[in-house]
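Right, one structure below, let's go through it.
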Amino acid sequence: MSTAEAVRTDTASTATTAVSVDGVDMDFGTGTLAVRDASFTLETGRFLTILGPSGSGKTTLLRLIAGFQTPTRGEIRIHGQRISAKPPHKRSIGMVFQRLALFPHMTAAENVAFPLKMRRHDPATTPDKVDAYLRLVRLDGLGDRRIHELSGGQQQRVAIARALVFEPDLLLLDEPLAALDRKLREEMQLEFRRIQKELGVTTINVTHDQREALVVSDEIIVMDHGEIQQAARPSEMYRNPANAFVANFIGVTSFLDGRFDGGALDVGGVSCAGTPVSKLDPGSPARGAIRAEQVRLGAPGTTLEACDTQLDGVVDDVIFEGERLVYVVTVPALGDAALRIYHHDPAAQDLYGAGAAVRVGWTEADLRIFKKTGEPA
Amino acid sequence: MISRSQRIVIWGLVWIALIALSAPTLVVIGASFTSGDIITFPPDGFSLKWYDRVARAGELRAAFFRSLWVATICTLVAMPVGTLAGIALSRYRLRFGNVVQVYLLLPFTIPLIGSGIGLMLVFGAWGALGNLWPIGVACAVINLPFIIWSVSSSAALLDPDLELAAANCGAGRVQTFFAVTLPAVMPGVITGSLLMFILAMNEFLVSLLLVDARTMTLPVQIYNSIRSIITPDLAAVSVVFIAVAAAAIALLDRLVGLEIFLKSK
Ligand SMILES: Nc1ncnc2c1ncn2[C@@H]1O[C@H](COP(=O)(O)OP(=O)(O)OP(=O)(O)O)[C@@H](O)[C@H]1O
Ligand SMILES: [Mg+2]
């Protein structure tokens with residue numbers, strides 16, 4: 001039996017709606033809406049990640065769900081109840097703040113015990129619960145340290161324990177891993193996943209790290225300029241991005257700008273085989289997107305197997321990323337468009353150097369054609 | 001890396017500053033141990049006779065205890081008011097925030113003699129003069145900005161989401177204040193309170209206007225003695241003063257740690 005099962009005694013909930021956000025706007029009076037017409041629902045026990053660039057409205061949306069601010073328009077319900085129905089301290093929401101907001105005058109254990117004290121849990125069980133949750137976040141033995149005597153990653157985990165210890169209905173995480181180094185961050189991502197699975201608590205996590213979103217989530221929402229661009233499961237989001245923004249934000253993607261000719265993408269007279277994603281009028285401006293792992297690469301003059309479009313290119317740059325190489329290949333026929341292409345065996349002998357002539361190609365299914373929107377990717 | 005010549009210049013400046021700041025203190029301490037009958041530096045021999053004389057001087061001793069009492073009243077009045085004001089100023093968005101900010105500049109803009117006369121008129125109208133407590137309250141009023149600063153700079157260092165975090169943990173507003181905000185700004189409260197104590201101990205100009213023969217505080221008593229004749233016992237009294245201030249700083253160090261005190265500035 002795991003630690004978490006030992007401390008969490010209530011039964012697993014059935015699939016009901018935990019959070020519903022309906023047509024929410026947030027206007028700070030700055031001229032643009034920080035959140036525009038946001039709607040989604042989240043089922044009990046699921047792990048949702050809100051992903052987006054800086055300033056896209058992620059924190060604003062999370063704080064609205066926490067009830068720290070009131071939306072200008074729309075409604076937020078938690079387990080069917082309006083968030084404003086109860087004052088903040090009566091809600092059952094655990095939150096890890098972007099800057100942690102730990103209580104500086106208390107020890108780690110006192111921080112974790114604080115919610116139990118305030119929520120009038122049985123004082124006799126408090127020490128055991130605090131110990132159990134410190135163990136859950138792997139901080140056993142450090143409970144007596146003051147906050148400033150802990151490392152950044154340890155403080156992080158105190159904040160997580162404090163948010164979980166009173167067994168909230170909902171856990172909100174605002175980029176809690178952003179300040180950590182990559183290795184610790186990746187460890188903590190898996191830790192989150194493990195803890196969340198063990199406790200089964202409904203979780204909303206905010207990040208701008210696409211890898212984190214893909215690794216930890218059951219569902220992802222991508223935001224940009226205050227608007228939800230797409231809501232989907234991670235694999236679905238990766239395979240079928242709804243627009244060029246999402247395609248660019250998740251994965252390594254190259255873009256080709258041209259016109260939709262009714263069946264394919266026309267880039268300066270060259271027809272590129274591809275599949276339209278949105279409904280497109282023939283002749284309208286369009287943008288093709290292709291993943292770095294979907295572009296095939298071969299020696300010049302060869303025929304690439306199963307590729308619907310094949311063109312000559314020149315290696316412009318070779319980026320060594322450790323476990324893989326990224327070739328940047330320019331294609332003169334496409335107006336020197338740059339394609340990024342993965343090569344997954346950097347130890348291989350037959351690598352191309354910068355300046356080498358190559359052949360590139362792709363299948364019709366892999367080049368996705370989007371409606372062209374205003375801003376460049 | 002700083003070069004050798006830079007190091008010499010920097011240390012030279014540090015020593016000049018240290019000597020300039022401590023010279024008057026050192027002179028007074030030295031003069032207090034003289035065995036002669038007039039106040040001189042370097043002292044004329046060594047003796048503790050002036051301390052003996054101070055300890056026997058009933059007037060000075062009574063004035064010293066009056067000053068302690070005034071400083072205590074001042075601190076007791078300033079602590080709750082200054083703490084609440086300091087927290088309110090930095091943790092909550094205030095409607096009259098600007099007005100309070102201006103008030104905080106008052107000690108530098110209104111001459112003390114002005115505030116002193118004002119307070120004298122107020123307490124005079126109440127018929128409160130002749131007691132010690134009006135002097136303590138007056139010291140609290142004119143020095144309040146110092147404790148407000150101390151508390152609010154301590155509070156400004158806290159995470160802006162601290163109170164929201166407390167609410168998330170289930171603490172209501174009152175609980176949040178007493179269990180989270182107040183303890184977290186304690187270093188500022190202690191620093192500010194000791195500052196108020198020392199300032200009230202040393203307060204001269206306003207006290208001068210408010211005291212009479214029955215409520216003479218130590219600085220006023222010393223001033224009156226100087227007007228007649230300067231004797232080394234005044235140097236000895238000054239040293240006692242310095243010792244009280246040093247004790248307050250030692251206490252501060254024990255309570256909050258000098259490190260936190262310096263960081264909170
Ligand atoms: N209290 C506020 N008053 C005015 N504008 C605000 C306020 N809070 C946020 N904004 C604005 O709303 C927009 C969204 O901010 P938000 O903090 O939600 O972004 P974010 O996606 O969390 O960004 P980051 O990844 O940098 O944390 C920004 O343009 C920001 O300037
Ligand atoms: Mg944010």
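Residue names in the structure tokens use chain letters A, B, ... in the order shown, residue numbers from 1 in each chain, and ligand numbers from 1 in the order shown.
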
| said: I'd like the contact shell of stretch 85-90 of chain B - 9 Å cut-off, only C-alpha atoms, skipping same-chain residues fewer than 4 positions apart - returned as a PyMOL selection string. | reply: chain B and resi 80-81+94+97+100-101+145+147-156+181-182+185

With N, CA, C and O atoms retained, could you export that selection as a JSON list (two decimals), in the first residue's frame?
```
[["chain", "number", "residue", "atom", "x", "y", "z"],
["B", 80, "PRO", "N", 1.34, 49.10, 18.30],
["B", 80, "PRO", "CA", 0.14, 48.68, 17.56],
["B", 80, "PRO", "C", -0.21, 49.61, 16.41],
["B", 80, "PRO", "O", -0.52, 49.14, 15.30],
["B", 81, "VAL", "N", -0.11, 50.91, 16.66],
["B", 81, "VAL", "CA", -0.49, 51.86, 15.60],
["B", 81, "VAL", "C", 0.45, 51.72, 14.40],
["B", 81, "VAL", "O", 0.01, 51.59, 13.25],
["B", 94, "LEU", "N", -4.83, 51.04, -0.30],
["B", 94, "LEU", "CA", -5.53, 51.98, 0.55],
["B", 94, "LEU", "C", -6.17, 53.09, -0.26],
["B", 94, "LEU", "O", -5.62, 53.54, -1.26],
["B", 97, "GLY", "N", -3.98, 56.25, 0.43],
["B", 97, "GLY", "CA", -2.56, 55.90, 0.44],
["B", 97, "GLY", "C", -1.65, 57.10, 0.27],
["B", 97, "GLY", "O", -0.66, 57.24, 0.99],
["B", 100, "VAL", "N", -1.23, 59.21, 3.38],
["B", 100, "VAL", "CA", -0.36, 58.57, 4.37],
["B", 100, "VAL", "C", 1.10, 58.72, 3.96],
["B", 100, "VAL", "O", 1.97, 58.98, 4.79],
["B", 101, "GLN", "N", 1.36, 58.60, 2.66],
["B", 101, "GLN", "CA", 2.73, 58.75, 2.19],
["B", 101, "GLN", "C", 3.28, 60.14, 2.55],
["B", 101, "GLN", "O", 4.42, 60.28, 2.98],
["B", 145, "PRO", "N", 6.39, 57.75, 11.92],
["B", 145, "PRO", "CA", 6.83, 57.33, 10.59],
["B", 145, "PRO", "C", 7.97, 56.32, 10.61],
["B", 145, "PRO", "O", 8.04, 55.45, 9.74],
["B", 147, "ILE", "N", 8.60, 53.78, 12.71],
["B", 147, "ILE", "CA", 8.16, 52.39, 12.90],
["B", 147, "ILE", "C", 7.30, 51.95, 11.70],
["B", 147, "ILE", "O", 7.36, 50.80, 11.27],
["B", 148, "ILE", "N", 6.55, 52.90, 11.14],
["B", 148, "ILE", "CA", 5.75, 52.53, 9.95],
["B", 148, "ILE", "C", 6.68, 52.10, 8.82],
["B", 148, "ILE", "O", 6.46, 51.09, 8.16],
["B", 149, "TRP", "N", 7.74, 52.84, 8.64],
["B", 149, "TRP", "CA", 8.71, 52.47, 7.61],
["B", 149, "TRP", "C", 9.29, 51.09, 7.86],
["B", 149, "TRP", "O", 9.39, 50.26, 6.97],
["B", 150, "SER", "N", 9.68, 50.91, 9.10],
["B", 150, "SER", "CA", 10.32, 49.64, 9.46],
["B", 150, "SER", "C", 9.39, 48.47, 9.16],
["B", 150, "SER", "O", 9.79, 47.48, 8.55],
["B", 151, "VAL", "N", 8.12, 48.59, 9.57],
["B", 151, "VAL", "CA", 7.16, 47.50, 9.36],
["B", 151, "VAL", "C", 6.83, 47.34, 7.89],
["B", 151, "VAL", "O", 6.81, 46.24, 7.35],
["B", 152, "SER", "N", 6.62, 48.46, 7.20],
["B", 152, "SER", "CA", 6.18, 48.33, 5.82],
["B", 152, "SER", "C", 7.31, 47.83, 4.92],
["B", 152, "SER", "O", 7.06, 47.12, 3.95],
["B", 153, "SER", "N", 8.57, 48.17, 5.27],
["B", 153, "SER", "CA", 9.64, 47.63, 4.42],
["B", 153, "SER", "C", 9.79, 46.14, 4.67],
["B", 153, "SER", "O", 10.09, 45.37, 3.76],
["B", 154, "SER", "N", 9.52, 45.71, 5.89],
["B", 154, "SER", "CA", 9.53, 44.28, 6.19],
["B", 154, "SER", "C", 8.38, 43.58, 5.46],
["B", 154, "SER", "O", 8.54, 42.50, 4.89],
["B", 155, "ALA", "N", 7.21, 44.23, 5.44],
["B", 155, "ALA", "CA", 6.04, 43.63, 4.81],
["B", 155, "ALA", "C", 6.17, 43.61, 3.29],
["B", 155, "ALA", "O", 5.68, 42.69, 2.63],
["B", 156, "ALA", "N", 6.87, 44.61, 2.75],
["B", 156, "ALA", "CA", 7.00, 44.69, 1.29],
["B", 156, "ALA", "C", 7.86, 43.55, 0.76],
["B", 156, "ALA", "O", 7.77, 43.19, -0.42],
["B", 181, "THR", "N", 0.31, 37.19, 8.47],
["B", 181, "THR", "CA", 0.88, 38.50, 8.16],
["B", 181, "THR", "C", 1.70, 39.06, 9.33],
["B", 181, "THR", "O", 2.87, 39.43, 9.17],
["B", 182, "LEU", "N", 1.09, 39.07, 10.51],
["B", 182, "LEU", "CA", 1.76, 39.67, 11.66],
["B", 182, "LEU", "C", 3.07, 38.96, 12.02],
["B", 182, "LEU", "O", 4.11, 39.60, 12.14],
["B", 185, "VAL", "N", 5.88, 39.78, 9.60],
["B", 185, "VAL", "CA", 6.51, 41.11, 9.63],
["B", 185, "VAL", "C", 7.14, 41.40, 10.99],
["B", 185, "VAL", "O", 7.58, 42.51, 11.25]]
```

Return as a tab-separated table the residues of chain A lying at most 12 Å from ligand 1, together with the closest atom-to-atom pair for each and the distance in Å to one decimal, counting only C-alpha atoms and all ligand atoms, with rows in chain order and ascending residue number.
```
residue	atom	partner	partner_atom_place_in_ligand_line	distance
A:Asp25	CA	ligand 1	12 (O)	11.3
A:Met26	CA	ligand 1	12 (O)	8.4
A:Asp27	CA	ligand 1	5 (N)	8.0
A:Phe28	CA	ligand 1	4 (C)	4.7
A:Gly29	CA	ligand 1	4 (C)	6.9
A:Thr30	CA	ligand 1	5 (N)	6.2
A:Gly31	CA	ligand 1	5 (N)	9.5
A:Thr32	CA	ligand 1	29 (O)	7.9
A:Leu33	CA	ligand 1	12 (O)	7.2
A:Ala34	CA	ligand 1	12 (O)	4.1
A:Val35	CA	ligand 1	14 (C)	7.2
A:Arg36	CA	ligand 1	14 (C)	10.6
A:Ile50	CA	ligand 1	21 (O)	8.9
A:Leu51	CA	ligand 1	21 (O)	8.2
A:Gly52	CA	ligand 1	21 (O)	6.3
A:Pro53	CA	ligand 1	25 (O)	5.7
A:Ser54	CA	ligand 1	25 (O)	3.5
A:Gly55	CA	ligand 1	19 (O)	3.4
A:Ser56	CA	ligand 1	21 (O)	3.9
A:Gly57	CA	ligand 1	18 (O)	3.1
A:Lys58	CA	ligand 1	21 (O)	3.7
A:Thr59	CA	ligand 1	22 (O)	3.6
A:Thr60	CA	ligand 1	18 (O)	3.7
A:Leu61	CA	ligand 1	18 (O)	6.4
A:Leu62	CA	ligand 1	18 (O)	8.0
A:Arg63	CA	ligand 1	18 (O)	8.4
A:Leu64	CA	ligand 1	18 (O)	9.8
A:Phe68	CA	ligand 1	1 (N)	10.9
A:Gln69	CA	ligand 1	1 (N)	9.3
A:Thr70	CA	ligand 1	1 (N)	11.7
A:Phe97	CA	ligand 1	27 (O)	11.0
A:Gln98	CA	ligand 1	27 (O)	8.0
A:Arg99	CA	ligand 1	27 (O)	10.7
A:Leu173	CA	ligand 1	22 (O)	11.5
A:Asp174	CA	ligand 1	22 (O)	8.0
A:Glu175	CA	ligand 1	27 (O)	7.6
A:Pro176	CA	ligand 1	27 (O)	10.7
A:Ala178	CA	ligand 1	25 (O)	9.6
A:Asn205	CA	ligand 1	22 (O)	11.3
A:Val206	CA	ligand 1	22 (O)	7.8
A:Thr207	CA	ligand 1	25 (O)	6.9
A:His208	CA	ligand 1	25 (O)	6.1
A:Asp209	CA	ligand 1	25 (O)	9.6
A:Val222	CA	ligand 1	21 (O)	10.4
A:Met223	CA	ligand 1	21 (O)	7.9
A:Asp224	CA	ligand 1	21 (O)	8.1
A:His225	CA	ligand 1	14 (C)	7.7
A:Gly226	CA	ligand 1	14 (C)	6.7
A:Glu227	CA	ligand 1	14 (C)	10.4
A:Ile228	CA	ligand 1	21 (O)	11.4
```

At most 9 Å to chain A: residues in chain B, only C-alpha atoms, as an mmCIF file with N, CA and C atoms, in the first residue's frame:
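Result file follows (iface.cif):
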```
data_model
loop_
_atom_site.group_PDB
_atom_site.id
_atom_site.type_symbol
_atom_site.label_atom_id
_atom_site.label_comp_id
_atom_site.auth_asym_id
_atom_site.auth_seq_id
_atom_site.Cartn_x
_atom_site.Cartn_y
_atom_site.Cartn_z
ATOM 1 N N LEU B 158 7.575 40.517 1.664
ATOM 2 C CA LEU B 158 6.814 39.262 1.644
ATOM 3 C C LEU B 158 6.207 39.030 0.274
ATOM 4 N N ASP B 159 5.949 37.765 -0.033
ATOM 5 C CA ASP B 159 5.312 37.401 -1.284
ATOM 6 C C ASP B 159 3.927 38.046 -1.366
ATOM 7 N N PRO B 160 3.607 38.697 -2.494
ATOM 8 C CA PRO B 160 2.303 39.363 -2.593
ATOM 9 C C PRO B 160 1.120 38.387 -2.481
ATOM 10 N N ASP B 161 1.375 37.104 -2.732
ATOM 11 C CA ASP B 161 0.282 36.132 -2.669
ATOM 12 C C ASP B 161 0.142 35.480 -1.300
ATOM 13 N N LEU B 162 0.934 35.965 -0.306
ATOM 14 C CA LEU B 162 0.968 35.282 0.989
ATOM 15 C C LEU B 162 -0.428 35.162 1.620
ATOM 16 N N GLU B 163 -1.198 36.248 1.571
ATOM 17 C CA GLU B 163 -2.519 36.221 2.201
ATOM 18 C C GLU B 163 -3.488 35.327 1.419
ATOM 19 N N LEU B 164 -3.321 35.322 0.090
ATOM 20 C CA LEU B 164 -4.168 34.431 -0.713
ATOM 21 C C LEU B 164 -3.838 32.976 -0.392
ATOM 22 N N ALA B 165 -2.543 32.705 -0.213
ATOM 23 C CA ALA B 165 -2.132 31.346 0.143
ATOM 24 C C ALA B 165 -2.760 30.944 1.469
ATOM 25 N N ALA B 166 -2.803 31.892 2.423
ATOM 26 C CA ALA B 166 -3.407 31.590 3.718
ATOM 27 C C ALA B 166 -4.897 31.300 3.556
ATOM 28 N N ALA B 167 -5.560 32.092 2.695
ATOM 29 C CA ALA B 167 -6.985 31.857 2.453
ATOM 30 C C ALA B 167 -7.199 30.471 1.857
ATOM 31 N N ASN B 168 -6.323 30.084 0.936
ATOM 32 C CA ASN B 168 -6.415 28.757 0.329
ATOM 33 C C ASN B 168 -6.238 27.645 1.366
ATOM 34 N N CYS B 169 -5.448 27.965 2.388
ATOM 35 C CA CYS B 169 -5.236 26.983 3.454
ATOM 36 C C CYS B 169 -6.413 26.956 4.417
ATOM 37 N N GLY B 170 -7.389 27.834 4.205
ATOM 38 C CA GLY B 170 -8.577 27.803 5.040
ATOM 39 C C GLY B 170 -8.619 28.868 6.117
ATOM 40 N N ALA B 171 -7.695 29.828 6.082
ATOM 41 C CA ALA B 171 -7.671 30.862 7.108
ATOM 42 C C ALA B 171 -8.562 32.031 6.698
ATOM 43 N N GLY B 172 -9.430 32.457 7.597
ATOM 44 C CA GLY B 172 -10.246 33.642 7.356
ATOM 45 C C GLY B 172 -9.383 34.881 7.482
ATOM 46 N N ARG B 173 -9.986 36.051 7.304
ATOM 47 C CA ARG B 173 -9.185 37.283 7.282
ATOM 48 C C ARG B 173 -8.481 37.547 8.607
ATOM 49 N N GLN B 175 -7.793 35.359 11.056
ATOM 50 C CA GLN B 175 -6.775 34.328 11.271
ATOM 51 C C GLN B 175 -5.548 34.598 10.413
ATOM 52 N N VAL B 180 -0.434 34.707 9.999
ATOM 53 C CA VAL B 180 0.499 34.783 8.863
ATOM 54 C C VAL B 180 1.135 36.168 8.731
ATOM 55 N N THR B 181 0.308 37.195 8.470
ATOM 56 C CA THR B 181 0.883 38.499 8.162
ATOM 57 C C THR B 181 1.702 39.056 9.330
ATOM 58 N N PRO B 183 3.057 37.636 12.184
ATOM 59 C CA PRO B 183 4.338 36.974 12.495
ATOM 60 C C PRO B 183 5.383 37.167 11.401
ATOM 61 N N ALA B 184 4.926 37.247 10.151
ATOM 62 C CA ALA B 184 5.893 37.378 9.060
ATOM 63 C C ALA B 184 6.562 38.749 9.042
ATOM 64 N N VAL B 185 5.882 39.776 9.602
ATOM 65 C CA VAL B 185 6.512 41.109 9.627
ATOM 66 C C VAL B 185 7.142 41.396 10.992
ATOM 67 N N MET B 186 7.189 40.391 11.872
ATOM 68 C CA MET B 186 7.721 40.578 13.226
ATOM 69 C C MET B 186 9.109 41.224 13.240
#
```

Quick one: residues within 9 Å of A:Thr41, only C-alpha atoms, excluding same-chain residues fewer than 5 positions away - as an mmCIF file with C-alpha atoms, in the first residue's frame?
```cif
data_model
loop_
_atom_site.group_PDB
_atom_site.id
_atom_site.type_symbol
_atom_site.label_atom_id
_atom_site.label_comp_id
_atom_site.auth_asym_id
_atom_site.auth_seq_id
_atom_site.Cartn_x
_atom_site.Cartn_y
_atom_site.Cartn_z
ATOM 1 C CA THR A 17 -17.591 17.355 -13.989
ATOM 2 C CA ALA A 18 -15.199 18.927 -11.499
ATOM 3 C CA VAL A 19 -14.623 22.290 -13.162
ATOM 4 C CA SER A 20 -16.721 24.056 -15.745
ATOM 5 C CA VAL A 21 -15.686 27.356 -17.282
ATOM 6 C CA ASP A 22 -18.353 28.944 -19.421
#
```

| field | helix (DSSP H, G or I) positions in stretch 146-360 of chain A, given as an MDAnalysis selection string | value | chainID A and resid 147:149 152:164 182:199 210:216 234:239 244:249 332:334

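Shortest atom-to-atom contact with ligand 2 among A:Leu177, A:Val24, A:Gln189, A:His79: A:Leu177, counting only C-alpha atoms and all ligand atoms.
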